[in-house]
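Peer 1: Have a look at this one before I ask anything.
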2 protein chains.
Amino acid sequence: VSSPEPVREPSSEPGARFLDEIREQPRALERLLEHEREFARVAAAARERAGSLVRMVGHGSSDNAASYGIYAFGLLPRWTALRDSITLSVYYDTGPDVSGSLVIGLSQSGQTPDVVEYVRRARRAGALTVALTNDAGSDLAREAEAVLPLGAGPELAVAATKTYVNQIAALALLAAHVAGEGARMADALREVSALLGELVPALEHRVSSVALPFAYVGRMFVIGRGPEYATAREIALKLLETCRTAAEPLTATDLAHGPVAALDPLFPVWTIASHDAALGAAVEGAARVRESGGTLLASGTAAETIEGAAYRLPVPEPPLPLLSPLLSVVPGQLFAWALARAKGLDPDSPRGLSKITLAR
Amino acid sequence: VSSPEPVREPSSEPGARFLDEIREQPRALERLLEHEREFARVAAAARERAGSLVRMVGHGSSDNAASYGIYAFGLLPRWTALRDSITLSVYYDTGPDVSGSLVIGLSQSGQTPDVVEYVRRARRAGALTVALTNDAGSDLAREAEAVLPLGAGPELAVAATKTYVNQIAALALLAAHVAGEGARMADALREVSALLGELVPALEHRVSSVALPFAYVGRMFVIGRGPEYATAREIALKLLETCRTAAEPLTATDLAHGPVAALDPLFPVWTIASHDAALGAAVEGAARVRESGGTLLASGTAAETIEGAAYRLPVPEPPLPLLSPLLSVVPGQLFAWALARAKGLDPDSPRGLSKITLAR
């Protein structure tokens, strides 16, 4: 059970909740770390009962977090993690055998119907099922064998922010515990919480002037590679849902395999560049954008390495390169907040969305 | 070795090669089936030496084909197939253990550098490596233990068409052989080749009037679920690279988790709906588009089930539901050809692209 947030008066200012929750992220991350023993317990069970295959299921921001999980499990215990097909299991009733896998169901609300159903079936089939959710009393928590609470506190804005950051932190923490490096990871996450506490107010002041020129931009690519591909996906989703900008995430390499042909100065590209083994691919991708006449916006811990960027939103270096995505998503969250406001949209309540998505 | 195409005079008409290759698809598919024994041999080796995990790697259309492979292997031998992270293996040098997996490297040219490198490392690590390529003399073919030739004949247009269809057919054929159903699948693919032979000329005449109203559309979503998610990805890529339309593929369910907020009448949604266990999700996704005021275009074998579609491009029913994607991609290919021509673009040679992508 997560410690409750103080009750807040609803603000009439559009985007106030979204901004509040972005600001809360450092504390939300600290609250996740209060559950460290639960992560250690689940990791021990995974080492004992599961093979080295992790199946993650989620939609929207939760699925973006799963993109990060591929790297957390791949680089720490060197396990294979995948964003599994929910459809195969739930609609066809004849999917692959999941027994012996570690299954992680990701859902802020714990109510996403096909994620709940996937986990129910996986548990029956003999997988070790874990619910990673912000509501320890939800359907998802009930269906799973173990619950890892996000501890982010209630999230009221429709667009996820602090629950996304806590999801990726939780995946890093779980993967580190599986690898026997849990204590080191928890310390590193505490440092990241402190860095976030400095980053958010500093960026809040900078981001509006960067976002304003994008008010008439209808389409963008957001590119990243390695763990930062999750950040590219999450920033693109924030832009779509809060700013109605058609932002598509791509790996830096996939950009070259077709989409680069669509670029022009009014089709900008946001590049996430962080100091990491995959940085070279991001730098090359940005060079291709420049050659094609696309406008570049660079963020990440290595934003300064992106030549010719028209705009830069750098973030500080975390103690472990794998944790860069916890910081590099923040410029995207704040940019989306500022751009939505510039366009007269309310990022707290995007048209046609509700906080809990019951779509199957 | 694939049977060579007759040498063609280069045509000066923009898009002539792209159209030629779309028209060639029925014959290209027949040529793939000449290699059936090689598929049977690789399948036997996979049953003997590999576990039930298939790792597929590719970029662009090849990666889209891999999305189809998840369903081919998931539904036929009920194996888990994943689009593996190339980055983990190639950039970090400390990725998961791939020994005991079936590895399939997908590349039309067989020259995509990081796919070649992934396969080289996987073979060294003890995986059963297979090159699925249109060039049996390529680097990829050399690095892999086994080669499955696509047999599509030379593909000259930059945007892939017949090699994509042969890639998904090849994945269906291989998965069927692993499941002991190879002969039945080969027969079904022969029937699909005949259906393609009727479909292409019929659609060629219809598609221009449907494409024309999209000349001023800057952005689209293309939605599908299950095996048709691969089709959604491939159609979106054709629109991006040949028409410069910012088309983003989504599963019908992911649309509800945020992106639906961006829709309006000038942000249309192409829905791939085919008769299949996942059709309900596609129909529900289309209903959400209608509620949000988005314009709907429907294709697939169940296009008629999409209520309120402004445009419909149905395709005939194949002998097995799993083979619908071989037919339902064709409206997208021809639509892209017609739309590019309407916009004065040359789909044979999109700006900034070359046939062989050496980007890492």
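Just so we're on the same page: first chain in the structure tokens is A, next is B, and so on; residues restart at 1 for each chain, and ligands are numbered from 1 in the order they show up.
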So which bits of stretch 121-208 of chain A end up alpha helix (DSSP H) when you DSSP the backbone, as a ChimeraX atom specification?

Peer 2: /A:121-124,139-143,162-178,182-208

Peer 1: Extract, using only C-alpha atoms, all DNA, RNA and protein residues at most 6 Å from stretch 347-354 of chain A, discarding same-chain residues fewer than 3 positions from it, and format them as a PyMOL selection string.

Peer 2: (chain A and resi 15+18+157-158+242) or (chain B and resi 261)

Peer 1: For chain B, which residues have at least one atom within 7 Å of chain A, if we go by only C-alpha atoms? Write them as a ChimeraX atom specification, please.

Peer 2: /B:59-60,74-75,78-80,82,87-88,91-92,94-96,219,226,237,240-241,244-246,248,253-254,256-262,277-278,281,292,350-353,357,359-360

Peer 1: I'd like to know which of A:Tyr164, A:Phe335, A:Phe39, A:Tyr229 is closest to A:Thr271, using only C-alpha atoms.

Peer 2: A:Tyr229

Peer 1: Would you pick out the contacts of stretch 141-151 of chain B at 10 Å or less, using only C-alpha atoms, so that residues sharing its chain but fewer than 3 positions from it are not included, and give the list as a PyMOL selection string?

Peer 2: chain B and resi 1-4+27-36+38-39+41-42+45+103-111+116-124+127-138+154+162-170+174

Peer 1: Please, which residues of stretch 184-358 of chain A, numbered as in this document, come out strand (DSSP E or B) from DSSP, as a list in words?

Peer 2: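 Checking each residue of stretch 184-358 of chain A, the strand (DSSP E or B) ones are Arg219, Met220, Phe221, Val222, Ile223, Gly224, Ala246, Ala247, Glu248, Pro249, Leu250, Thr251, Val269, Trp270, Thr271, Ile272, Leu296, Leu297, Ala298, Ser299, Gly300, Tyr311, Arg312, Leu313 and Pro314 of chain A.
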
Peer 1: Filtering to C-alpha atoms, could you give me those residues as a compact mmCIF listing (two decimals), in the first residue's frame?

Peer 2:
# COMPACT_ATOMS: atom_id res chain seq x y z
CA ARG A 219 3.94 15.94 -36.89
CA MET A 220 7.22 14.83 -35.37
CA PHE A 221 9.44 11.82 -34.98
CA VAL A 222 11.00 11.04 -31.63
CA ILE A 223 14.08 8.84 -31.91
CA GLY A 224 16.10 6.93 -29.37
CA ALA A 246 1.26 13.32 -34.47
CA ALA A 247 4.52 12.24 -32.85
CA GLU A 248 5.85 8.82 -33.84
CA PRO A 249 8.62 7.05 -31.96
CA LEU A 250 11.32 5.29 -33.97
CA THR A 251 14.66 3.77 -33.22
CA VAL A 269 12.80 15.21 -35.03
CA TRP A 270 13.37 14.96 -31.29
CA THR A 271 16.52 12.96 -30.59
CA ILE A 272 17.13 11.37 -27.20
CA LEU A 296 16.43 18.80 -34.62
CA LEU A 297 15.59 18.98 -30.93
CA ALA A 298 18.05 17.14 -28.69
CA SER A 299 17.64 15.96 -25.12
CA GLY A 300 19.22 13.35 -22.86
CA TYR A 311 16.98 23.27 -29.46
CA ARG A 312 18.61 21.39 -26.60
CA LEU A 313 17.14 20.17 -23.31
CA PRO A 314 20.01 18.33 -21.57

Peer 1: For B:Pro213, find every residue with an atom within 12 Å (counting only C-alpha atoms), except residues of its own chain fewer than 2 positions away, and show them as an MDAnalysis selection string.

Peer 2: chainID B and resid 207:211 215:218 266 268 295 297 310:311 335 338:339 342:343

Peer 1: Between B:Gly51, B:Gly332, B:Pro316, B:Gly182, which one has atoms that come closest to B:Glu198, using only C-alpha atoms?

Peer 2: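 That would be B:Pro316, the residue with the smallest distance to B:Glu198.
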
Peer 1: I'd like to know which of B:Gly153, B:Gly294, B:Pro331, B:Pro14 is closest to B:His205, using only C-alpha atoms.

Peer 2: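 Among the listed residues, B:Pro331 lies closest to B:His205.
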
Peer 1: Interatomic distance between atom CA of B:Ser328 and atom CA of B:Ala287?

Peer 2: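 It comes out at 20.4 Å.
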
Peer 1: May I have the residues within 9 Å of A:Leu189 as a list in words, using only C-alpha atoms and disregarding those fewer than 3 positions away in the same chain?

Peer 2: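 That gives Leu29, Glu30, Leu33, Ala169, Leu173, Arg184, Met185, Ala186, Val192, Ser193, Ala194, Pro318, Pro319 and Leu323 of chain A.
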
Peer 1: Determine the nearest neighbour of A:Ala183 from the options A:Ala40, A:Val329, A:Ala232, A:Ile306, counting only C-alpha atoms.

Peer 2: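 Closest residue, counting only C-alpha atoms: A:Ala40.
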